[in-house]
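Working notes, beginning with the structure itself.
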Amino acid sequence: MPGEFEEYGGRHVPEALEEPLAQLADAFDEIVPTDEFQTEFQYYLKHFGGRPTPVFYAETLSEIYGADIYFKHEDLLHGGAHKLNNTLGQALLAKRAGKDRLIAETGAGQHGTATAMVGALLDLPVKVYMGEEDIKRQEMNVFRMRLMGAEVEPVTRGNAKLAEAVDAALEDFAQNMEDTHYLVGSAVGPDPFPRMVREFQSVIGREAREQIQELHGELPDACVACVGGGSNAIGLFHAFKDDDVMLYGAEPGGTGDSHSAPLSKSKQEEPEVFQGMLTKVIDEDTENHSVSAGLDYPAVGPEHAALQSLGRAEYHAISDEEALAAFKELSQAEGIIPALEPSHAIALAKKLAQEDKHDTLLVNLCGRGDKDMQTAAEHFDLS
Amino acid sequence: MADSGQAAETRRSDGAAANSEIAAAFDDGPAFIPYLAVGDPSYEASKAYVEALARGGADVIELGLPFSEPIAEGPTIQGAIVRALEGGMTPELFFEFVEDVDVDVPLVCMTYYNLIYQYSPPGSDERGPEQFVARAAEAGISGLVVPDLPAEEADPLRAACDEHGLDLVFIVAPTTEGERLQSMMERVSGYVYVQARLGTTGAKSDVSDQTDRSLQRLSEWNVPKAVGFGISSGEQAERIVASGADGIIVGSALVDIVADGVDSEWSTAETADKLEAKARELAEGATRGQTEPAPSDE
């Protein structure tokens with residue numbers, strides 16, 4: 001089966017979706033390695049996106065935590081999160097493959113916004129499916145998407161969150177596959193999406209690996225990133241996979257029994273077939289929840305399930321409270337307001353530092369916190 | 001006429017033997033194959049509905065075992081699945097239903113692979129296709145349709161089906177060709193589900209001419225061809241059978257009636273009557289399609 005990571009991944013979809021996915025996989029394999037594509041992709045990453053993003057040594061936080069903390073500043077990428085790497089790559093690929101319409105699902109609205117950005121840039125119409133619950137939580141991103149010309153379609157079924165938005169987008173794709181590219185926002189779903197998203201996000205780790213050696217003199221002891229679907233994490237991890245560097249994923253541990261942490265909190269050992277891939281999914285009786293809309297996905301990208309099973313990466317749950325505390329701590333210590341998603345990674349880095357596990361930690365600061373100010377204002381009583 | 005006249009002989013003769021009941025369903029003219037989600041909106045109501053479909057002339061009935069994360073189902077079937085899950089439907093209850101329902105036609109279970117992959121009989125640690133198929137066979141299921149299981153991944157399930165005498169139906173889309181078509185041909189039995197058009201399930205007034213092309217592509221297959229997706233009237237059923245199909249599959253148009261019944265608070269008997277009438281219209285349409293002379297013939 002195509003797109004397997006150990007036993008995970010694959011392409012478990014109805015027959016009608018097989019052909020467009022097979023065509024997409026072929027287009028990806030043929031087009032992306034060409035100089036022509038790479039030149040165009042790198043051009044836009046640099047001049048439109050602002051790459052390379054810097055690596056920053058967080059001096060104050062390092063003192064507090066008792067270990068050297070470096071941040072990969074993906075929050076400085078155009079749009080305020082790592083999402084553009086992927087949307088730009090996929091949109092350029094889609095255009096070359098002859099598609100003239102983009103659809104996307106979005107949770108926090110970051111991916112939808114990044115899709116709307118490239119739609120406007122490359123003159124492709126965009127329709128974004130977004131759960132009604134998330135629309136309420138992330139109104140600003142809805143406004144941004146609409147301002148850039150994207151159509152935002154509220155999804156009301158089920159829990160009205162990210163998983164349902166994926167379903168709705170897949171339905172659109174099944175009906176309009178001839179002219180439409182489904183721009184998946186994370187390293188999840190049927191092949192080729194997990195490996196394609198990894199390819200476009202792996203620029204994060206490639207840059208960071210060079211940059212930290214320049215700044216710190218050697219590789220870090222560990223890399224830390226938050227994991228919902230897991231695209232920013234796989235983008236960081238990929239460049240370090242053959243190094244003697246530990247890889248840590250921070251999963252959204254939510255509160256009590258409500259979480260979105262299949263790798264660290266599920267009781268069930270066995271994987272499931274979910275949204276086109278074989279992967280780990282939260283237990284049936286668990287309520288899917290995270291304080292951060294971008295992480296509350298009940299499953300995880302198949303490559304992360306594989307990295308865990310191989311013992312190459314560890315995944316730990318970070319609670320809503322721990323993430324919020326890290327959110328505040330970074331804001332006050334360094335003058336950087338992180339998104340709630342990477343706040344999970346920061347909280348995990350703190351734990352690892354305080355347990356004296358590692359001396360140098362590279363954390364992917366995958367997005368900025370502007371979108372989370374309402375949540376923060378309520379939680380920390382800022383008004 | 002020549003093509004449809006051969007319908008009685010288009011039984012699988014290579015590979016695994018088909019379930020004899022399903023084969024027989026295609027023997028006497030075109031097969032009418034309705035679909036309902038079991039447990040929609042309740043166990044008892046859906047039992048009455050399935051029995052009504054049998055009275056209305058069903059030759060085979062596809063029973064949907066609801067899964068919470070169906071891929072690429074249209075809103076109609078999704079609605080049915082949500083109602084059934086809210087009504088408490090589970091795989092165990094589904095098998096009890098199959099044992100319980102009073103019909104005299106073969107029953108085919110339509111579900112997603114996750115439920116088969118995950119299935120573990122009560123009190124057992126074993127899980128997977130073999131367990132699922134053994135329980136399905138014991139309950140009286142004659143065949144399986146698993147939309148998200150690619151044929152090339154289906155060998156464990158195919159083997160379990162062979163062992164327990166079940167048919168395994170694959171869905172051929174308008175875009176299916178080459179290796180995937182070949183894989184299906186090697187593993188299919190019972191009938192092949194010809195998807196009439198691209199997109200998700202749902203009743204549409206137009207039934208695409210992609211159907212004709214698909215039927216041509218499958219003409220050498222020695223297995224009955226049942227066409228589904230978007231059939232909602234007797235006229236459509238008639239036209240599709242006239243163009244060479246050995247059977248028709250109807251889901252959304254029937255689920256719509258169940259949904260209307262829920263919305264309008266019809267009694268179970270009222271909804272069942274409407275389902276029976278719709279089933280009869282479709283079954284009769286299919287029969288007319290076979291007996292009607294081709295337009296150019298005198």
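A note on labels: chains of the structure tokens are A, B, ... as shown, every chain counts residues from 1, and ligands are counted from 1 in their shown order.
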
Subject >> Exercise: A:Glu59 partners within 12 Å, only C-alpha atoms, chain neighbours under 5 positions left out, as a PyMOL selection string >> reply: chain A and resi 64-71+330+333-335

Kindly export the residues of the current selection with N, CA and C atoms, as an mmCIF file, in the first residue's frame.
data_model
loop_
_atom_site.group_PDB
_atom_site.id
_atom_site.type_symbol
_atom_site.label_atom_id
_atom_site.label_comp_id
_atom_site.auth_asym_id
_atom_site.auth_seq_id
_atom_site.Cartn_x
_atom_site.Cartn_y
_atom_site.Cartn_z
ATOM 1 N N ILE A 64 15.369 30.626 33.795
ATOM 2 C CA ILE A 64 14.248 30.125 34.604
ATOM 3 C C ILE A 64 14.179 28.593 34.538
ATOM 4 N N TYR A 65 14.326 28.053 33.332
ATOM 5 C CA TYR A 65 14.135 26.611 33.134
ATOM 6 C C TYR A 65 15.384 25.802 33.509
ATOM 7 N N GLY A 66 16.547 26.454 33.499
ATOM 8 C CA GLY A 66 17.772 25.731 33.829
ATOM 9 C C GLY A 66 18.312 24.888 32.687
ATOM 10 N N ALA A 67 18.020 25.286 31.469
ATOM 11 C CA ALA A 67 18.593 24.636 30.281
ATOM 12 C C ALA A 67 18.540 25.656 29.156
ATOM 13 N N ASP A 68 19.409 25.495 28.155
ATOM 14 C CA ASP A 68 19.382 26.434 27.035
ATOM 15 C C ASP A 68 18.172 26.159 26.150
ATOM 16 N N ILE A 69 17.360 27.205 25.995
ATOM 17 C CA ILE A 69 16.147 27.077 25.184
ATOM 18 C C ILE A 69 16.299 27.932 23.929
ATOM 19 N N TYR A 70 16.191 27.277 22.781
ATOM 20 C CA TYR A 70 16.216 27.977 21.510
ATOM 21 C C TYR A 70 14.851 27.837 20.854
ATOM 22 N N PHE A 71 14.408 28.922 20.222
ATOM 23 C CA PHE A 71 13.145 28.867 19.493
ATOM 24 C C PHE A 71 13.372 28.977 17.999
ATOM 25 N N LEU A 330 6.220 32.782 28.631
ATOM 26 C CA LEU A 330 7.023 33.251 27.496
ATOM 27 C C LEU A 330 6.722 34.714 27.186
ATOM 28 N N ALA A 333 8.578 36.673 29.926
ATOM 29 C CA ALA A 333 10.029 36.527 29.992
ATOM 30 C C ALA A 333 10.723 37.089 28.761
ATOM 31 N N GLU A 334 10.090 36.907 27.588
ATOM 32 C CA GLU A 334 10.806 37.221 26.349
ATOM 33 C C GLU A 334 10.110 38.246 25.470
ATOM 34 N N GLY A 335 8.906 38.678 25.847
ATOM 35 C CA GLY A 335 8.199 39.597 24.959
ATOM 36 C C GLY A 335 7.736 38.932 23.675
#

**OP:** Using only C-alpha atoms, find which residues of chain A lie within 6 Å of chain B and jot them down as a PyMOL selection string.
**Re:** chain A and resi 12-14+16+171+174-175+273

Only C-alpha atoms, please: the residues just picked out, written as a compact mmCIF listing (two decimals), in the first residue's frame.
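File produced: result38.txt:
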# COMPACT_ATOMS: atom_id res chain seq x y z
CA HIS A 12 -7.84 3.82 3.06
CA VAL A 13 -10.44 5.62 0.99
CA PRO A 14 -13.48 4.77 -1.11
CA ALA A 16 -13.90 7.16 -6.03
CA GLU A 171 -17.00 15.33 0.17
CA ALA A 174 -15.03 13.66 -4.18
CA GLN A 175 -17.54 15.71 -6.15
CA VAL A 273 -8.54 3.35 10.25

**OP:** Would you kindly return, as a ChimeraX atom specification, each protein, DNA or RNA residue with an atom no farther than 7 Å from any atom of A:Gly189, considering only C-alpha atoms and excluding same-chain residues fewer than 2 positions away?
**Re:** /A:191,193-194,275-277

Pull C-alpha atoms from the residues just selected and write them as a CSV table (one decimal), in the first residue's frame.
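For reference, out03.csv as written:
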chain,number,residue,atom,x,y,z
A,191,ASP,CA,-1.4,9.1,1.0
A,193,PHE,CA,-0.9,13.9,2.1
A,194,PRO,CA,1.3,12.9,5.1
A,275,GLN,CA,-10.0,9.6,7.7
A,276,GLY,CA,-8.1,7.5,5.2
A,277,MET,CA,-5.1,6.5,7.3

Subject >> Distance criterion (only C-alpha atoms): nearest to A:Pro271 out of A:Val363, A:Leu17, A:Ala306, A:Val166 >> reply: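 With only C-alpha atoms as the atom set, the closest residue is A:Ala306.
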
**OP:** With a distance cut-off of 12 Å and only C-alpha atoms, select the neighbouring residues of A:Lys350, excluding the residue or stretch itself and same-chain residues fewer than 3 positions from it, and output the selection as an MDAnalysis selection string.
**Re:** chainID A and resid 61:70 224 250 318 322:323 325:327 329:330 343:347 353:363

Next, write the just-selected residues to a file, as a JSON list (two decimals), in the first residue's frame, keeping N, CA and C atoms as the atom set.
[["chain", "number", "residue", "atom", "x", "y", "z"],
["A", 61, "LEU", "N", 14.30, 32.88, 29.69],
["A", 61, "LEU", "CA", 13.60, 31.61, 29.88],
["A", 61, "LEU", "C", 14.59, 30.48, 30.18],
["A", 62, "SER", "N", 15.75, 30.54, 29.54],
["A", 62, "SER", "CA", 16.78, 29.53, 29.78],
["A", 62, "SER", "C", 17.21, 29.54, 31.25],
["A", 63, "GLU", "N", 17.34, 30.75, 31.79],
["A", 63, "GLU", "CA", 17.70, 30.88, 33.22],
["A", 63, "GLU", "C", 16.61, 30.29, 34.11],
["A", 64, "ILE", "N", 15.37, 30.63, 33.79],
["A", 64, "ILE", "CA", 14.25, 30.12, 34.60],
["A", 64, "ILE", "C", 14.18, 28.59, 34.54],
["A", 65, "TYR", "N", 14.33, 28.05, 33.33],
["A", 65, "TYR", "CA", 14.14, 26.61, 33.13],
["A", 65, "TYR", "C", 15.38, 25.80, 33.51],
["A", 66, "GLY", "N", 16.55, 26.45, 33.50],
["A", 66, "GLY", "CA", 17.77, 25.73, 33.83],
["A", 66, "GLY", "C", 18.31, 24.89, 32.69],
["A", 67, "ALA", "N", 18.02, 25.29, 31.47],
["A", 67, "ALA", "CA", 18.59, 24.64, 30.28],
["A", 67, "ALA", "C", 18.54, 25.66, 29.16],
["A", 68, "ASP", "N", 19.41, 25.49, 28.15],
["A", 68, "ASP", "CA", 19.38, 26.43, 27.03],
["A", 68, "ASP", "C", 18.17, 26.16, 26.15],
["A", 69, "ILE", "N", 17.36, 27.20, 25.99],
["A", 69, "ILE", "CA", 16.15, 27.08, 25.18],
["A", 69, "ILE", "C", 16.30, 27.93, 23.93],
["A", 70, "TYR", "N", 16.19, 27.28, 22.78],
["A", 70, "TYR", "CA", 16.22, 27.98, 21.51],
["A", 70, "TYR", "C", 14.85, 27.84, 20.85],
["A", 224, "VAL", "N", 11.70, 19.86, 20.36],
["A", 224, "VAL", "CA", 10.37, 19.77, 20.96],
["A", 224, "VAL", "C", 9.38, 20.52, 20.08],
["A", 250, "ALA", "N", 4.65, 17.33, 21.97],
["A", 250, "ALA", "CA", 3.76, 17.71, 23.06],
["A", 250, "ALA", "C", 2.33, 17.60, 22.57],
["A", 318, "ILE", "N", 0.41, 17.53, 27.52],
["A", 318, "ILE", "CA", 0.50, 18.79, 28.25],
["A", 318, "ILE", "C", -0.93, 19.29, 28.44],
["A", 322, "GLU", "N", -1.21, 23.77, 31.91],
["A", 322, "GLU", "CA", 0.25, 23.87, 31.69],
["A", 322, "GLU", "C", 0.57, 24.71, 30.45],
["A", 323, "ALA", "N", -0.24, 24.54, 29.41],
["A", 323, "ALA", "CA", 0.00, 25.30, 28.18],
["A", 323, "ALA", "C", -0.26, 26.79, 28.42],
["A", 325, "ALA", "N", -0.04, 28.38, 31.23],
["A", 325, "ALA", "CA", 1.03, 28.92, 32.08],
["A", 325, "ALA", "C", 2.27, 29.23, 31.24],
["A", 326, "ALA", "N", 2.60, 28.35, 30.30],
["A", 326, "ALA", "CA", 3.75, 28.58, 29.42],
["A", 326, "ALA", "C", 3.52, 29.76, 28.50],
["A", 327, "PHE", "N", 2.29, 29.89, 28.05],
["A", 327, "PHE", "CA", 1.88, 31.02, 27.20],
["A", 327, "PHE", "C", 2.20, 32.34, 27.91],
["A", 329, "GLU", "N", 4.18, 32.69, 30.59],
["A", 329, "GLU", "CA", 5.59, 32.76, 30.97],
["A", 329, "GLU", "C", 6.46, 33.29, 29.83],
["A", 330, "LEU", "N", 6.22, 32.78, 28.63],
["A", 330, "LEU", "CA", 7.02, 33.25, 27.50],
["A", 330, "LEU", "C", 6.72, 34.71, 27.19],
["A", 343, "SER", "N", 2.56, 26.71, 22.84],
["A", 343, "SER", "CA", 2.67, 26.82, 24.30],
["A", 343, "SER", "C", 2.75, 25.42, 24.92],
["A", 344, "HIS", "N", 2.13, 24.44, 24.26],
["A", 344, "HIS", "CA", 2.26, 23.06, 24.73],
["A", 344, "HIS", "C", 3.70, 22.57, 24.62],
["A", 345, "ALA", "N", 4.37, 22.95, 23.54],
["A", 345, "ALA", "CA", 5.76, 22.53, 23.35],
["A", 345, "ALA", "C", 6.67, 23.22, 24.37],
["A", 346, "ILE", "N", 6.37, 24.48, 24.64],
["A", 346, "ILE", "CA", 7.17, 25.23, 25.62],
["A", 346, "ILE", "C", 7.02, 24.58, 27.00],
["A", 347, "ALA", "N", 5.78, 24.25, 27.35],
["A", 347, "ALA", "CA", 5.54, 23.61, 28.66],
["A", 347, "ALA", "C", 6.28, 22.28, 28.76],
["A", 353, "ALA", "N", 13.53, 20.24, 30.88],
["A", 353, "ALA", "CA", 14.66, 20.98, 31.43],
["A", 353, "ALA", "C", 14.72, 20.79, 32.95],
["A", 354, "GLN", "N", 13.57, 20.88, 33.58],
["A", 354, "GLN", "CA", 13.55, 20.81, 35.04],
["A", 354, "GLN", "C", 13.80, 19.39, 35.55],
["A", 355, "GLU", "N", 13.53, 18.42, 34.70],
["A", 355, "GLU", "CA", 13.88, 17.04, 35.08],
["A", 355, "GLU", "C", 15.34, 16.73, 34.75],
["A", 356, "ASP", "N", 16.07, 17.76, 34.30],
["A", 356, "ASP", "CA", 17.48, 17.60, 33.93],
["A", 356, "ASP", "C", 17.71, 16.56, 32.85],
["A", 357, "LYS", "N", 16.74, 16.42, 31.98],
["A", 357, "LYS", "CA", 16.89, 15.43, 30.91],
["A", 357, "LYS", "C", 17.88, 15.90, 29.86],
["A", 358, "HIS", "N", 17.81, 17.20, 29.54],
["A", 358, "HIS", "CA", 18.64, 17.72, 28.44],
["A", 358, "HIS", "C", 19.14, 19.11, 28.76],
["A", 359, "ASP", "N", 20.31, 19.46, 28.21],
["A", 359, "ASP", "CA", 20.89, 20.78, 28.45],
["A", 359, "ASP", "C", 20.48, 21.81, 27.40],
["A", 360, "THR", "N", 20.26, 21.33, 26.18],
["A", 360, "THR", "CA", 19.91, 22.25, 25.10],
["A", 360, "THR", "C", 18.65, 21.75, 24.38],
["A", 361, "LEU", "N", 17.64, 22.62, 24.33],
["A", 361, "LEU", "CA", 16.39, 22.23, 23.69],
["A", 361, "LEU", "C", 16.02, 23.21, 22.59],
["A", 362, "LEU", "N", 15.69, 22.67, 21.45],
["A", 362, "LEU", "CA", 15.21, 23.49, 20.33],
["A", 362, "LEU", "C", 13.70, 23.30, 20.23],
["A", 363, "VAL", "N", 12.98, 24.41, 20.43],
["A", 363, "VAL", "CA", 11.51, 24.34, 20.45],
["A", 363, "VAL", "C", 10.96, 25.02, 19.21]]
